[in-house]
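A.B. asks: protein_10.pdb is reproduced in full below (PDB, C-alpha atoms, pLDDT in the B column).
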ATOM      1  CA  MET A 134       2.828   1.328 -17.449  1.00 46.00           C
ATOM      2  CA  THR A 135       5.906  -0.221 -15.960  1.00 47.00           C
ATOM      3  CA  LEU A 136       8.092   1.258 -13.294  1.00 50.00           C
ATOM      4  CA  ARG A 137      11.418  -0.005 -14.573  1.00 52.00           C
ATOM      5  CA  GLY A 138      14.464   1.941 -13.666  1.00 50.00           C
ATOM      6  CA  VAL A 139      13.171   2.886 -10.219  1.00 49.00           C
ATOM      7  CA  THR A 140      15.211   0.484  -8.127  1.00 50.00           C
ATOM      8  CA  PRO A 141      16.873   0.465  -4.752  1.00 48.00           C
ATOM      9  CA  GLY A 142      20.585   1.113  -4.725  1.00 49.00           C
ATOM     10  CA  ARG A 143      23.122   3.840  -5.048  1.00 47.00           C
ATOM     11  CA  GLY A 144      22.261   7.145  -6.631  1.00 48.00           C
ATOM     12  CA  GLU A 145      24.648   9.373  -8.514  1.00 51.00           C
ATOM     13  CA  THR A 146      25.823  10.944  -5.245  1.00 52.00           C
ATOM     14  CA  GLY A 147      26.664   7.559  -3.695  1.00 51.00           C
ATOM     15  CA  ASP A 148      23.813   7.615  -1.183  1.00 51.00           C
ATOM     16  CA  THR A 149      22.129   4.368  -0.232  1.00 52.00           C
ATOM     17  CA  THR A 150      18.634   5.741   0.303  1.00 51.00           C
ATOM     18  CA  PRO A 151      15.968   3.311  -0.882  1.00 49.00           C
ATOM     19  CA  ARG A 152      14.305   4.164  -4.133  1.00 55.00           C
ATOM     20  CA  PRO A 153      10.488   4.282  -4.501  1.00 56.00           C
ATOM     21  CA  ARG A 154      10.323   0.758  -5.920  1.00 63.00           C
ATOM     22  CA  SER A 155      11.448  -0.837  -2.643  1.00 72.00           C
ATOM     23  CA  THR A 156       8.911   1.287  -0.747  1.00 83.00           C
ATOM     24  CA  LEU A 157       6.232   0.326  -3.253  1.00 84.00           C
ATOM     25  CA  ARG A 158       7.049  -3.357  -2.811  1.00 88.00           C
ATOM     26  CA  GLY A 159       6.740  -3.085   0.982  1.00 90.00           C
ATOM     27  CA  ILE A 160       3.461  -1.152   0.842  1.00 91.00           C
ATOM     28  CA  ARG A 161       2.064  -3.624  -1.675  1.00 92.00           C
ATOM     29  CA  ARG A 162       2.954  -6.596   0.549  1.00 93.00           C
ATOM     30  CA  PHE A 163       1.429  -4.868   3.570  1.00 94.00           C
ATOM     31  CA  ALA A 164      -1.773  -4.136   1.625  1.00 94.00           C
ATOM     32  CA  ILE A 165      -2.097  -7.760   0.510  1.00 95.00           C
ATOM     33  CA  ALA A 166      -1.591  -9.008   4.070  1.00 96.00           C
ATOM     34  CA  PHE A 167      -4.045  -6.428   5.414  1.00 96.00           C
ATOM     35  CA  PHE A 168      -6.799  -7.397   2.984  1.00 95.00           C
ATOM     36  CA  VAL A 169      -6.318 -11.105   3.707  1.00 95.00           C
ATOM     37  CA  VAL A 170      -6.759 -10.383   7.426  1.00 93.00           C
ATOM     38  CA  TYR A 171      -9.671  -8.061   6.592  1.00 93.00           C
ATOM     39  CA  ALA A 172     -11.438 -10.794   4.628  1.00 92.00           C
ATOM     40  CA  LEU A 173     -10.963 -13.246   7.490  1.00 89.00           C
ATOM     41  CA  ALA A 174     -12.056 -10.724  10.143  1.00 87.00           C
ATOM     42  CA  VAL A 175     -15.433  -9.912   8.619  1.00 86.00           C
ATOM     43  CA  VAL A 176     -16.653 -13.397   7.643  1.00 86.00           C
ATOM     44  CA  TYR A 177     -18.394 -16.002   9.758  1.00 80.00           C
ATOM     45  CA  PRO A 178     -15.781 -17.726  11.925  1.00 78.00           C
ATOM     46  CA  ALA A 179     -13.833 -14.628  12.937  1.00 75.00           C
ATOM     47  CA  VAL A 180     -16.803 -12.315  13.449  1.00 77.00           C
ATOM     48  CA  VAL A 181     -18.603 -14.629  15.919  1.00 80.00           C
ATOM     49  CA  PRO A 182     -17.080 -13.025  19.066  1.00 77.00           C
ATOM     50  CA  PHE A 183     -18.233  -9.594  17.865  1.00 74.00           C
ATOM     51  CA  ARG A 184     -21.754 -10.373  16.645  1.00 76.00           C
ATOM     52  CA  GLY A 185     -23.683  -9.483  19.814  1.00 74.00           C
ATOM     53  CA  PRO A 186     -25.842  -6.348  20.025  1.00 75.00           C
ATOM     54  CA  ARG A 187     -23.993  -5.083  23.094  1.00 79.00           C
ATOM     55  CA  PRO A 188     -21.907  -3.088  23.912  1.00 83.00           C
ATOM     56  CA  PHE A 189     -23.077   0.000  22.054  1.00 84.00           C
ATOM     57  CA  ILE A 190     -20.386   2.299  20.703  1.00 84.00           C
ATOM     58  CA  PHE A 191     -21.549   5.683  19.444  1.00 84.00           C
ATOM     59  CA  GLY A 192     -25.084   4.273  19.540  1.00 87.00           C
ATOM     60  CA  MET A 193     -24.254   1.391  17.183  1.00 87.00           C
ATOM     61  CA  PRO A 194     -23.982  -2.308  18.027  1.00 86.00           C
ATOM     62  CA  PHE A 195     -20.409  -3.530  18.314  1.00 84.00           C
ATOM     63  CA  ALA A 196     -20.767  -5.767  15.226  1.00 82.00           C
ATOM     64  CA  MET A 197     -21.536  -2.702  13.112  1.00 86.00           C
ATOM     65  CA  VAL A 198     -18.605  -0.781  14.597  1.00 87.00           C
ATOM     66  CA  TRP A 199     -16.364  -3.800  13.903  1.00 86.00           C
ATOM     67  CA  ALA A 200     -17.277  -3.791  10.200  1.00 88.00           C
ATOM     68  CA  ALA A 201     -17.115   0.014   9.932  1.00 91.00           C
ATOM     69  CA  ALA A 202     -13.651   0.093  11.550  1.00 93.00           C
ATOM     70  CA  TRP A 203     -12.327  -2.371   8.963  1.00 93.00           C
ATOM     71  CA  ILE A 204     -13.786  -0.266   6.147  1.00 95.00           C
ATOM     72  CA  VAL A 205     -12.149   2.910   7.500  1.00 96.00           C
ATOM     73  CA  ALA A 206      -8.832   1.082   7.948  1.00 96.00           C
ATOM     74  CA  ALA A 207      -9.070  -0.211   4.358  1.00 96.00           C
ATOM     75  CA  PHE A 208      -9.500   3.372   3.133  1.00 97.00           C
ATOM     76  CA  PHE A 209      -6.214   4.392   4.771  1.00 97.00           C
ATOM     77  CA  VAL A 210      -4.367   1.341   3.421  1.00 96.00           C
ATOM     78  CA  LEU A 211      -5.589   2.125  -0.104  1.00 95.00           C
ATOM     79  CA  LEU A 212      -4.595   5.768   0.371  1.00 95.00           C
ATOM     80  CA  ALA A 213      -1.058   4.725   1.357  1.00 93.00           C
ATOM     81  CA  LEU A 214      -0.905   2.363  -1.628  1.00 93.00           C
ATOM     82  CA  ASP A 215      -2.017   5.152  -3.976  1.00 92.00           C
ATOM     83  CA  ARG A 216       0.612   7.529  -2.600  1.00 91.00           C
ATOM     84  CA  ALA A 217       3.326   4.888  -3.015  1.00 89.00           C
ATOM     85  CA  TYR A 218       2.315   4.259  -6.640  1.00 88.00           C
ATOM     86  CA  SER A 219       2.215   8.013  -7.356  1.00 88.00           C
ATOM     87  CA  SER A 220       5.668   8.474  -5.840  1.00 85.00           C
ATOM     88  CA  ALA A 221       7.110   5.588  -7.848  1.00 84.00           C
ATOM     89  CA  GLU A 222       5.539   6.901 -11.031  1.00 83.00           C
ATOM     90  CA  ARG A 223       6.974  10.400 -10.455  1.00 82.00           C
ATOM     91  CA  ALA A 224      10.426   8.904  -9.832  1.00 80.00           C
ATOM     92  CA  HIS A 225      10.126   6.827 -12.998  1.00 76.00           C
ATOM     93  CA  ASP A 226       9.067   9.856 -15.044  1.00 77.00           C
ATOM     94  CA  ALA A 227      12.010  11.858 -13.685  1.00 76.00           C
ATOM     95  CA  ASP A 228      14.379   8.996 -14.550  1.00 71.00           C
ATOM     96  CA  VAL A 229      13.046   8.810 -18.110  1.00 70.00           C
ATOM     97  CA  ARG A 230      13.155  12.594 -18.498  1.00 70.00           C
ATOM     98  CA  ASP A 231      16.803  12.752 -17.348  1.00 67.00           C
ATOM     99  CA  ARG A 232      17.923   9.993 -19.723  1.00 67.00           C
ATOM    100  CA  PRO A 233      19.546  11.175 -22.970  1.00 67.00           C
ATOM    101  CA  ALA A 234      17.424  10.783 -26.094  1.00 63.00           C
ATOM    102  CA  GLY A 235      17.791   7.315 -27.590  1.00 63.00           C
ATOM    103  CA  ALA A 236      19.515   5.834 -24.545  1.00 62.00           C
ATOM    104  CA  LEU A 237      18.386   2.420 -23.396  1.00 64.00           C
ATOM    105  CA  PRO A 238      17.435   1.830 -19.760  1.00 65.00           C
ATOM    106  CA  GLU A 239      19.966   0.116 -17.549  1.00 66.00           C
ATOM    107  CA  PRO A 240      19.311  -3.627 -17.067  1.00 69.00           C
ATOM    108  CA  GLU A 241      18.091  -4.603 -13.616  1.00 62.00           C
TER     109      GLU A 241
END
Could you write out this structure as structure tokens?

C.D. replies:
Amino acid sequence: MTLRGVTPGRGETGDTTPRPRSTLRGIRRFAIAFFVVYALAVVYPAVVPFRGPRPFIFGMPFAMVWAAAWIVAAFFVLLALDRAYSSAERAHDADVRDRPAGALPEPE
């Protein structure tokens, strides 16, 4: 499914509020950057400073808390990404629904 027609720019009322596609693009870039940092933070070179058994946090070694914190953060990033995609899809569906029958979409 494509999300064509949901673009930033002026609406019918002349407002310049960003459309869901620009928000989706920003969230997607943030998610990619986050998961690159995540991958680097939980593999050998970057995890070395956090691999010791002490200090204990909530009864768990810090290395376990380090990995668990990244997993929880990843959940929230994926949640934000899902909400952005849902919003863009709803905007696209509304745009298609409001278009007259047989009309072609505007070129981007």

A.B. asks: Name the residues in contact with region 156-165 of chain A at a cut-off of 8 Å, using all atoms listed in the file, excluding same-chain residues fewer than 6 positions from it; report them as a ChimeraX atom specification.

C.D. replies: /A:210-211,213-214,217-218,221

A.B. asks: With C-alpha atoms retained, write the just-selected residues as a short mmCIF file (atom, residue, chain, number, x, y, z; two decimals), keeping the file's coordinate frame.

C.D. replies:
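File result.cif, as written:
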data_model
loop_
_atom_site.label_atom_id
_atom_site.label_comp_id
_atom_site.auth_asym_id
_atom_site.auth_seq_id
_atom_site.Cartn_x
_atom_site.Cartn_y
_atom_site.Cartn_z
CA VAL A 210 -4.37 1.34 3.42
CA LEU A 211 -5.59 2.12 -0.10
CA ALA A 213 -1.06 4.72 1.36
CA LEU A 214 -0.90 2.36 -1.63
CA ALA A 217 3.33 4.89 -3.02
CA TYR A 218 2.32 4.26 -6.64
CA ALA A 221 7.11 5.59 -7.85
#

A.B. asks: Measuring atom to atom with all atoms listed in the file, identify which of A:Arg230, A:Ser220, A:Phe208, A:Val180 is nearest to Phe168 (chain A).

C.D. replies: A:Phe208

A.B. asks: Run through the PyMOL selection byres ((chain A and resi 169-174) around 12) on the given coordinates and return the selected residues as a PyMOL selection string.

C.D. replies: chain A and resi 162-168+175-184+196+199-208+210

A.B. asks: Determine the axis-aligned bounding box of all atoms of region 159-167 of chain A present in the file, pad each side by 3 Å, and express its centre and edge lengths in Å to one decimal place as JSON.

C.D. replies:
{"center_x": 1.3, "center_y": -5.1, "center_z": 1.9, "size_x": 16.8, "size_y": 13.9, "size_z": 13.1}

A.B. asks: What is the CA of Leu212 (chain A) to CA of Ala224 (chain A) distance in Å?

C.D. replies: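 Taking CA of Leu212 (chain A) and CA of Ala224 (chain A), their separation equals 18.4 Å.
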